[in-house]
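K.L.:
Below is the file entry-v4.cif, which contains mmCIF, C-alpha atoms and all ligand atoms.
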data_run
#
loop_
_atom_site.label_atom_id
_atom_site.label_comp_id
_atom_site.auth_asym_id
_atom_site.auth_seq_id
_atom_site.Cartn_x
_atom_site.Cartn_y
_atom_site.Cartn_z
CA MET U 1 -8.56 -5.35 -4.40
CA LYS U 2 -6.20 -5.44 -1.43
CA PHE U 3 -5.74 -2.50 0.95
CA PHE U 4 -2.37 -1.66 2.48
CA VAL U 5 -1.98 1.26 4.86
CA ASP U 6 0.79 3.74 4.07
CA THR U 7 2.08 4.75 7.50
CA ALA U 8 4.56 4.02 10.29
CA ASP U 9 2.03 5.03 12.97
CA ILE U 10 1.46 1.92 15.09
CA ASP U 11 -1.79 3.12 16.69
CA ALA U 12 -3.29 3.80 13.24
CA ILE U 13 -2.16 0.37 12.00
CA ARG U 14 -3.63 -1.40 15.06
CA ASP U 15 -6.92 0.46 14.63
CA LEU U 16 -7.19 -0.54 10.96
CA ALA U 17 -6.02 -4.13 11.56
CA ASP U 18 -8.93 -4.50 14.00
CA THR U 19 -11.37 -3.93 11.11
CA GLY U 20 -10.12 -7.12 9.40
CA LEU U 21 -9.90 -5.11 6.14
CA LEU U 22 -6.14 -4.49 6.20
CA ASP U 23 -3.98 -6.67 3.93
CA GLY U 24 -0.56 -5.12 4.47
CA VAL U 25 1.53 -2.05 5.32
CA THR U 26 3.93 0.18 3.42
CA THR U 27 6.48 2.48 5.01
CA ASN U 28 9.10 4.78 3.58
CA PRO U 29 11.97 6.79 5.14
CA SER U 30 9.79 9.93 5.36
CA LEU U 31 7.04 8.06 7.24
CA VAL U 32 9.58 6.51 9.64
CA ALA U 33 11.10 9.97 10.25
CA LYS U 34 7.59 11.34 10.91
CA SER U 35 7.02 8.62 13.54
CA GLY U 36 10.13 9.81 15.44
CA ARG U 37 10.90 6.19 16.36
CA ASP U 38 13.68 3.65 15.79
CA PHE U 39 13.16 1.99 12.37
CA PHE U 40 13.63 -1.56 13.62
CA ASP U 41 11.33 -1.05 16.62
CA VAL U 42 8.68 0.26 14.22
CA LEU U 43 9.10 -2.74 11.90
CA LYS U 44 8.88 -5.21 14.79
CA ASP U 45 5.70 -3.57 16.09
CA ILE U 46 4.09 -3.58 12.63
CA CYS U 47 5.00 -7.22 11.95
CA ASP U 48 3.59 -8.22 15.36
CA ILE U 49 0.22 -6.75 14.30
CA VAL U 50 0.01 -7.52 10.57
CA ASP U 51 0.50 -10.92 8.89
CA GLY U 52 0.43 -9.52 5.34
CA PRO U 53 3.32 -7.90 3.46
CA VAL U 54 5.14 -5.06 5.28
CA SER U 55 7.32 -2.88 3.06
CA ALA U 56 10.58 -1.56 4.53
CA GLU U 57 12.74 0.66 2.34
CA VAL U 58 16.52 0.55 1.85
CA THR U 59 18.35 3.86 2.18
CA ALA U 60 21.54 3.08 0.21
CA THR U 61 21.73 3.96 -3.48
CA ASP U 62 24.45 1.56 -4.67
CA PHE U 63 23.73 -2.08 -5.54
CA GLU U 64 26.00 -3.79 -3.00
CA THR U 65 24.82 -1.75 -0.01
CA MET U 66 21.18 -1.96 -1.11
CA LEU U 67 21.55 -5.73 -1.26
CA SER U 68 23.09 -5.90 2.23
CA GLU U 69 20.44 -3.57 3.65
CA GLY U 70 17.69 -5.59 1.97
CA GLN U 71 19.03 -8.86 3.37
CA SER U 72 19.23 -7.30 6.84
CA LEU U 73 15.65 -5.97 6.65
CA ALA U 74 14.29 -9.29 5.32
CA LYS U 75 15.76 -11.15 8.32
CA ARG U 76 13.52 -9.21 10.73
CA ALA U 77 10.30 -11.06 9.83
CA ASP U 78 8.94 -13.47 7.21
CA ASN U 79 6.47 -10.87 5.89
CA ILE U 80 9.01 -8.09 5.25
CA VAL U 81 9.04 -6.78 1.68
CA VAL U 82 12.23 -4.92 0.78
CA LYS U 83 11.48 -1.64 -0.94
CA VAL U 84 14.04 -0.40 -3.47
CA PRO U 85 14.01 2.73 -5.65
CA LEU U 86 13.47 2.52 -9.39
CA THR U 87 17.09 3.03 -10.46
CA TRP U 88 19.48 0.69 -12.30
CA ASP U 89 21.07 -0.29 -8.99
CA GLY U 90 17.63 -0.70 -7.44
CA LEU U 91 16.60 -3.03 -10.26
CA LYS U 92 19.80 -5.07 -9.86
CA ALA U 93 19.13 -5.31 -6.12
CA CYS U 94 15.54 -6.35 -6.89
CA LYS U 95 16.72 -9.18 -9.15
CA ALA U 96 19.29 -10.41 -6.61
CA LEU U 97 16.91 -10.24 -3.64
CA ARG U 98 14.17 -12.06 -5.61
CA GLN U 99 16.67 -14.80 -6.53
CA SER U 100 17.16 -15.43 -2.81
CA GLY U 101 13.38 -15.61 -2.28
CA ILE U 102 12.94 -12.16 -0.70
CA MET U 103 9.83 -10.15 -1.66
CA VAL U 104 10.62 -6.78 -3.29
CA ASN U 105 8.56 -3.62 -3.82
CA VAL U 106 10.05 -1.33 -6.48
CA THR U 107 9.09 2.21 -5.54
CA LEU U 108 9.14 5.74 -6.97
CA CYS U 109 7.68 4.58 -10.31
CA PHE U 110 6.48 7.42 -12.54
CA SER U 111 6.38 5.85 -16.02
CA ALA U 112 5.22 2.72 -17.83
CA SER U 113 8.75 2.07 -19.10
CA GLN U 114 9.98 1.97 -15.49
CA ALA U 115 7.17 -0.47 -14.63
CA ILE U 116 8.22 -2.80 -17.47
CA LEU U 117 11.78 -2.89 -16.12
CA ALA U 118 10.55 -3.64 -12.59
CA ALA U 119 8.48 -6.58 -13.84
CA LYS U 120 11.45 -7.89 -15.82
CA ALA U 121 13.54 -7.64 -12.63
CA GLY U 122 10.97 -9.91 -10.95
CA ALA U 123 9.50 -7.31 -8.59
CA SER U 124 6.77 -8.63 -6.31
CA PHE U 125 5.15 -5.17 -6.34
CA ILE U 126 5.47 -2.03 -8.45
CA SER U 127 4.57 1.25 -6.73
CA PRO U 128 3.45 3.96 -9.17
CA PHE U 129 2.92 7.30 -7.34
CA VAL U 130 -0.35 8.67 -8.71
CA GLY U 131 -0.73 11.71 -6.43
CA ARG U 132 2.73 13.07 -7.15
CA LEU U 133 1.99 12.84 -10.91
CA ASP U 134 -1.33 14.65 -10.42
CA ASP U 135 0.58 17.29 -8.39
CA ILE U 136 2.59 18.21 -11.50
CA SER U 137 -0.52 18.25 -13.74
CA GLU U 138 0.08 14.78 -15.19
CA ASP U 139 -2.50 11.97 -15.03
CA GLY U 140 -1.56 9.47 -12.32
CA MET U 141 -4.45 7.10 -13.05
CA ALA U 142 -3.57 6.98 -16.76
CA LEU U 143 -0.25 5.48 -15.68
CA ILE U 144 -2.10 2.77 -13.71
CA SER U 145 -4.19 1.98 -16.82
CA ASP U 146 -1.06 1.74 -18.96
CA ILE U 147 0.72 -0.57 -16.53
CA ARG U 148 -2.38 -2.80 -16.16
CA GLU U 149 -2.68 -3.12 -19.96
CA ILE U 150 1.02 -3.88 -20.39
CA TYR U 151 1.25 -6.41 -17.55
CA ASP U 152 -1.87 -8.19 -18.85
CA ASN U 153 -0.12 -8.62 -22.21
CA TYR U 154 2.59 -10.73 -20.53
CA PRO U 155 1.26 -13.52 -18.31
CA ASN U 156 4.83 -14.31 -17.20
CA PHE U 157 4.95 -10.92 -15.40
CA GLU U 158 3.96 -11.70 -11.82
CA THR U 159 4.38 -8.18 -10.44
CA GLU U 160 1.37 -6.80 -8.56
CA ILE U 161 0.36 -3.18 -9.18
CA LEU U 162 0.44 -1.35 -5.84
CA VAL U 163 -1.06 2.10 -6.35
CA ALA U 164 0.77 4.59 -4.10
CA SER U 165 0.70 8.30 -3.28
CA ILE U 166 -3.09 8.18 -3.01
CA ARG U 167 -4.69 11.53 -2.20
CA HIS U 168 -8.46 10.84 -2.05
CA PRO U 169 -11.11 8.05 -2.24
CA GLY U 170 -11.62 8.72 -5.97
CA HIS U 171 -8.12 7.42 -6.65
CA ILE U 172 -9.07 4.10 -4.99
CA VAL U 173 -12.33 3.72 -6.90
CA GLU U 174 -10.59 4.46 -10.19
CA ALA U 175 -7.76 2.03 -9.35
CA ALA U 176 -10.38 -0.67 -8.69
CA ARG U 177 -12.10 0.06 -12.03
CA ILE U 178 -8.78 -0.35 -13.80
CA GLY U 179 -8.04 -3.59 -11.94
CA ALA U 180 -5.00 -2.54 -9.93
CA ASP U 181 -4.11 -5.26 -7.42
CA ILE U 182 -3.53 -3.11 -4.32
CA CYS U 183 -3.91 0.44 -3.05
CA THR U 184 -1.65 1.69 -0.28
CA VAL U 185 -3.57 4.39 1.49
CA PRO U 186 -2.90 6.89 4.30
CA PRO U 187 -5.06 6.09 7.37
CA ASP U 188 -7.21 9.25 7.10
CA ILE U 189 -8.16 8.41 3.51
CA LEU U 190 -9.01 4.79 4.42
CA HIS U 191 -11.40 6.20 7.04
CA LYS U 192 -12.95 8.50 4.42
CA LEU U 193 -13.92 5.48 2.29
CA VAL U 194 -16.78 4.59 4.62
CA GLN U 195 -18.19 8.09 4.95
CA HIS U 196 -21.32 9.31 3.16
CA PRO U 197 -23.70 12.02 4.47
CA LEU U 198 -26.76 10.07 3.25
CA THR U 199 -25.63 7.07 5.32
CA ASP U 200 -25.46 9.27 8.43
CA LYS U 201 -28.81 10.92 7.64
CA GLY U 202 -30.51 7.60 6.88
CA LEU U 203 -29.19 5.97 10.05
CA ALA U 204 -30.35 8.90 12.20
CA ALA U 205 -33.87 8.58 10.71
CA PHE U 206 -33.99 4.80 11.24
CA LEU U 207 -32.89 5.17 14.87
CA ALA U 208 -35.40 7.95 15.58
CA ASP U 209 -38.27 5.87 14.14
CA TRP U 210 -37.13 2.77 16.04
CA LYS U 211 -37.06 4.68 19.32
CA LYS U 212 -40.74 5.63 18.79
CA THR U 213 -41.67 1.92 18.74
CA GLY U 214 -40.32 1.43 22.28
CA GLN U 215 -38.94 -1.98 21.26
CA SER U 216 -35.51 -3.56 21.96
CA ILE U 217 -33.99 -6.39 19.91
CA LEU U 218 -31.88 -7.64 22.83
CA ASP U 219 -34.88 -7.84 25.18
CA ARG U 220 -36.26 -10.72 23.05
CA LYS U 221 -35.40 -14.28 24.09
O1 LIG U 301 4.78 5.40 0.40
C1 LIG U 301 4.88 5.83 -0.90
C2 LIG U 301 3.81 6.84 -1.31
O2 LIG U 301 2.55 6.32 -1.02
C3 LIG U 301 4.03 8.23 -0.76
O3 LIG U 301 2.94 9.05 -0.99
O4 LIG U 301 1.75 11.10 -0.31
O5 LIG U 301 4.23 11.00 -0.02
O6 LIG U 301 3.22 11.19 -2.29
P1 LIG U 301 3.05 10.66 -0.90
#
Go ahead and express the file in the form of structure tokens.

P.N.:
Amino acid sequence: MKFFVDTADIDAIRDLADTGLLDGVTTNPSLVAKSGRDFFDVLKDICDIVDGPVSAEVTATDFETMLSEGQSLAKRADNIVVKVPLTWDGLKACKALRQSGIMVNVTLCFSASQAILAAKAGASFISPFVGRLDDISEDGMALISDIREIYDNYPNFETEILVASIRHPGHIVEAARIGADICTVPPDILHKLVQHPLTDKGLAAFLADWKKTGQSILDRK
């Protein structure tokens, strides 16, 4: 499973990139607005840090302008993935951008039927929003299961399942069980993945016992 971080916060991206565990980045207009920075400056900074796919979202809603925006975004760096919404015009833009070799992430997916259309449009990534489905008392992970099953029925579908709108570590574990390709995760939730109170307790006990021995590993030649 690949991990993308879902943020436009450069410090958080740099911190996670340093772990060597980060495979890519996703942004959206809300995250860019939250950063308070110029969109293109943010994209340049992210692409300077991360070699993997970096999703940058169009803001037009009609096909022609989405296509122009997508082409403009894709010119910024080789690893830019153009993010388009799951609408008819978004799907048309996806098809056209893919035909010119540009990677596309189809976002705001909330149903299996939408995911089928995205795969048929040649999307590089489909982004189903699990948390927002859970928020309205639907089952976000059931959608991931459905998409996995459907995509596996059609080996000519090359679209990767990018689980988005993740709210807690359980979403990531369940996505891995289902066989989703990628999770895009807010930085605070990525940090939570490593935490366990028994790890902290066990480490404290090991260190206390080691101190009693008076030994040092680095003192040995
Ligand atoms: O970036 C798309 C998605 O991950 C947004 O998540 O938390 O705004 O529902 P959220």

K.L.:
Can you tell me which residues sit at most 7 Å away from ligand LIG 301 (chain U), counting all atoms listed in the file, written as a PDB file with C-alpha atoms, keeping the file's coordinate frame?

P.N.:
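So the final result, stored in out-v8.pdb, reads:
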ATOM      1  CA  ASP U   6       0.790   3.740   4.070  1.00  0.00           C
ATOM      2  CA  THR U  26       3.930   0.180   3.420  1.00  0.00           C
ATOM      3  CA  THR U  27       6.480   2.480   5.010  1.00  0.00           C
ATOM      4  CA  ASN U  28       9.100   4.780   3.580  1.00  0.00           C
ATOM      5  CA  PHE U 129       2.920   7.300  -7.340  1.00  0.00           C
ATOM      6  CA  GLY U 131      -0.730  11.710  -6.430  1.00  0.00           C
ATOM      7  CA  ARG U 132       2.730  13.070  -7.150  1.00  0.00           C
ATOM      8  CA  ALA U 164       0.770   4.590  -4.100  1.00  0.00           C
ATOM      9  CA  SER U 165       0.700   8.300  -3.280  1.00  0.00           C
ATOM     10  CA  ILE U 166      -3.090   8.180  -3.010  1.00  0.00           C
ATOM     11  CA  ARG U 167      -4.690  11.530  -2.200  1.00  0.00           C
ATOM     12  CA  THR U 184      -1.650   1.690  -0.280  1.00  0.00           C
ATOM     13  CA  VAL U 185      -3.570   4.390   1.490  1.00  0.00           C
TER      14      VAL U 185
END

K.L.:
Pick from U:Leu73, U:Leu86, U:Pro186, U:Arg37: nearest to Val25 (chain U), with only C-alpha atoms counted?

P.N.:
U:Pro186

K.L.:
Nearest residue to Val42 (chain U) out of U:Thr7, U:Ser68, U:Ser216, U:Ser111, using only C-alpha atoms?

P.N.:
U:Thr7

K.L.:
Show me, as a PyMOL selection string, the residues that have an atom within 7 Å of Ala176 (chain U) when counting all atoms listed in the file, minus same-chain residues fewer than 4 positions from it.

P.N.:
chain U and resi 1+172+180

K.L.:
Keeping C-alpha atoms for every residue in the selection just given, could you write it to a file as a compact mmCIF listing (two decimals), in the coordinates of the input?

P.N.:
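To be explicit, this is the file written out as again.txt:
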# COMPACT_ATOMS: atom_id res chain seq x y z
CA MET U 1 -8.56 -5.35 -4.40
CA ILE U 172 -9.07 4.10 -4.99
CA ALA U 180 -5.00 -2.54 -9.93

K.L.:
Figure out the distance between CA of Glu174 (chain U) and CA of Asp139 (chain U), please, to one decimal in Å.

P.N.:
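Separation between CA of Asp139 (chain U) and CA of Glu174 (chain U): 12.1 Å.
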
K.L.:
At what distance in Å, to one decimal, does CA of Ser124 (chain U) lie from CA of Glu158 (chain U)?

P.N.:
6.9 Å

K.L.:
U:Ala205, U:Ile178, U:Ile13, U:Ala96: which is nearest Ser145 (chain U), counting all atoms listed in the file?

P.N.:
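When distances to Ser145 (chain U) are compared using all atoms listed in the file, the smallest one comes from U:Ile178.
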
K.L.:
Asp11 (chain U): which residues within 12 Å, counting only C-alpha atoms, same-chain residues fewer than 5 positions away excluded, as a list of chain:residue names?

P.N.:
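Here the qualifying residues turn out to be U:Val5, U:Leu16, U:Ala17, U:Asp18, U:Ser35, U:Val42, U:Asp45, U:Ile46, U:Ile49, U:Pro187.
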
K.L.:
Next, the residues of the selection above should be written as a short mmCIF file (atom, residue, chain, number, x, y, z; two decimals), in the coordinates of the input with C-alpha atoms.

P.N.:
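See selection14.cif below for the written result:
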data_model
loop_
_atom_site.label_atom_id
_atom_site.label_comp_id
_atom_site.auth_asym_id
_atom_site.auth_seq_id
_atom_site.Cartn_x
_atom_site.Cartn_y
_atom_site.Cartn_z
CA VAL U 5 -1.98 1.26 4.86
CA LEU U 16 -7.19 -0.54 10.96
CA ALA U 17 -6.02 -4.13 11.56
CA ASP U 18 -8.93 -4.50 14.00
CA SER U 35 7.02 8.62 13.54
CA VAL U 42 8.68 0.26 14.22
CA ASP U 45 5.70 -3.57 16.09
CA ILE U 46 4.09 -3.58 12.63
CA ILE U 49 0.22 -6.75 14.30
CA PRO U 187 -5.06 6.09 7.37
#

K.L.:
Using all atoms listed in the file, which residues sit within 7 Å of Val82 (chain U) once same-chain residues fewer than 4 positions away are excluded, as a list in words?

P.N.:
Ser55, Ala56, Glu57, Gly70, Leu73, Ala74, Met103, Val104 and Asn105 of chain U

K.L.:
Which residue is closest to Leu190 (chain U)? Choose from U:Arg177, U:Pro29, U:Phe157, U:His171 and count all atoms listed in the file.

P.N.:
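Once distances to Leu190 (chain U) are computed over all atoms listed in the file, the minimum belongs to U:His171.
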
K.L.:
Looking at U:Ile150, U:Leu22, U:Val81, U:Ile102, which one is nearest to Ala115 (chain U), with distances taken over all atoms listed in the file?

P.N.:
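Among the listed residues, the smallest separation from Ala115 (chain U) belongs to U:Ile150.
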
K.L.:
Take CA of Ala60 (chain U) and CA of Asp48 (chain U) and report the distance between them in Å, one decimal.

P.N.:
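Computed distance, CA of Ala60 (chain U) to CA of Asp48 (chain U), equals 26.1 Å.
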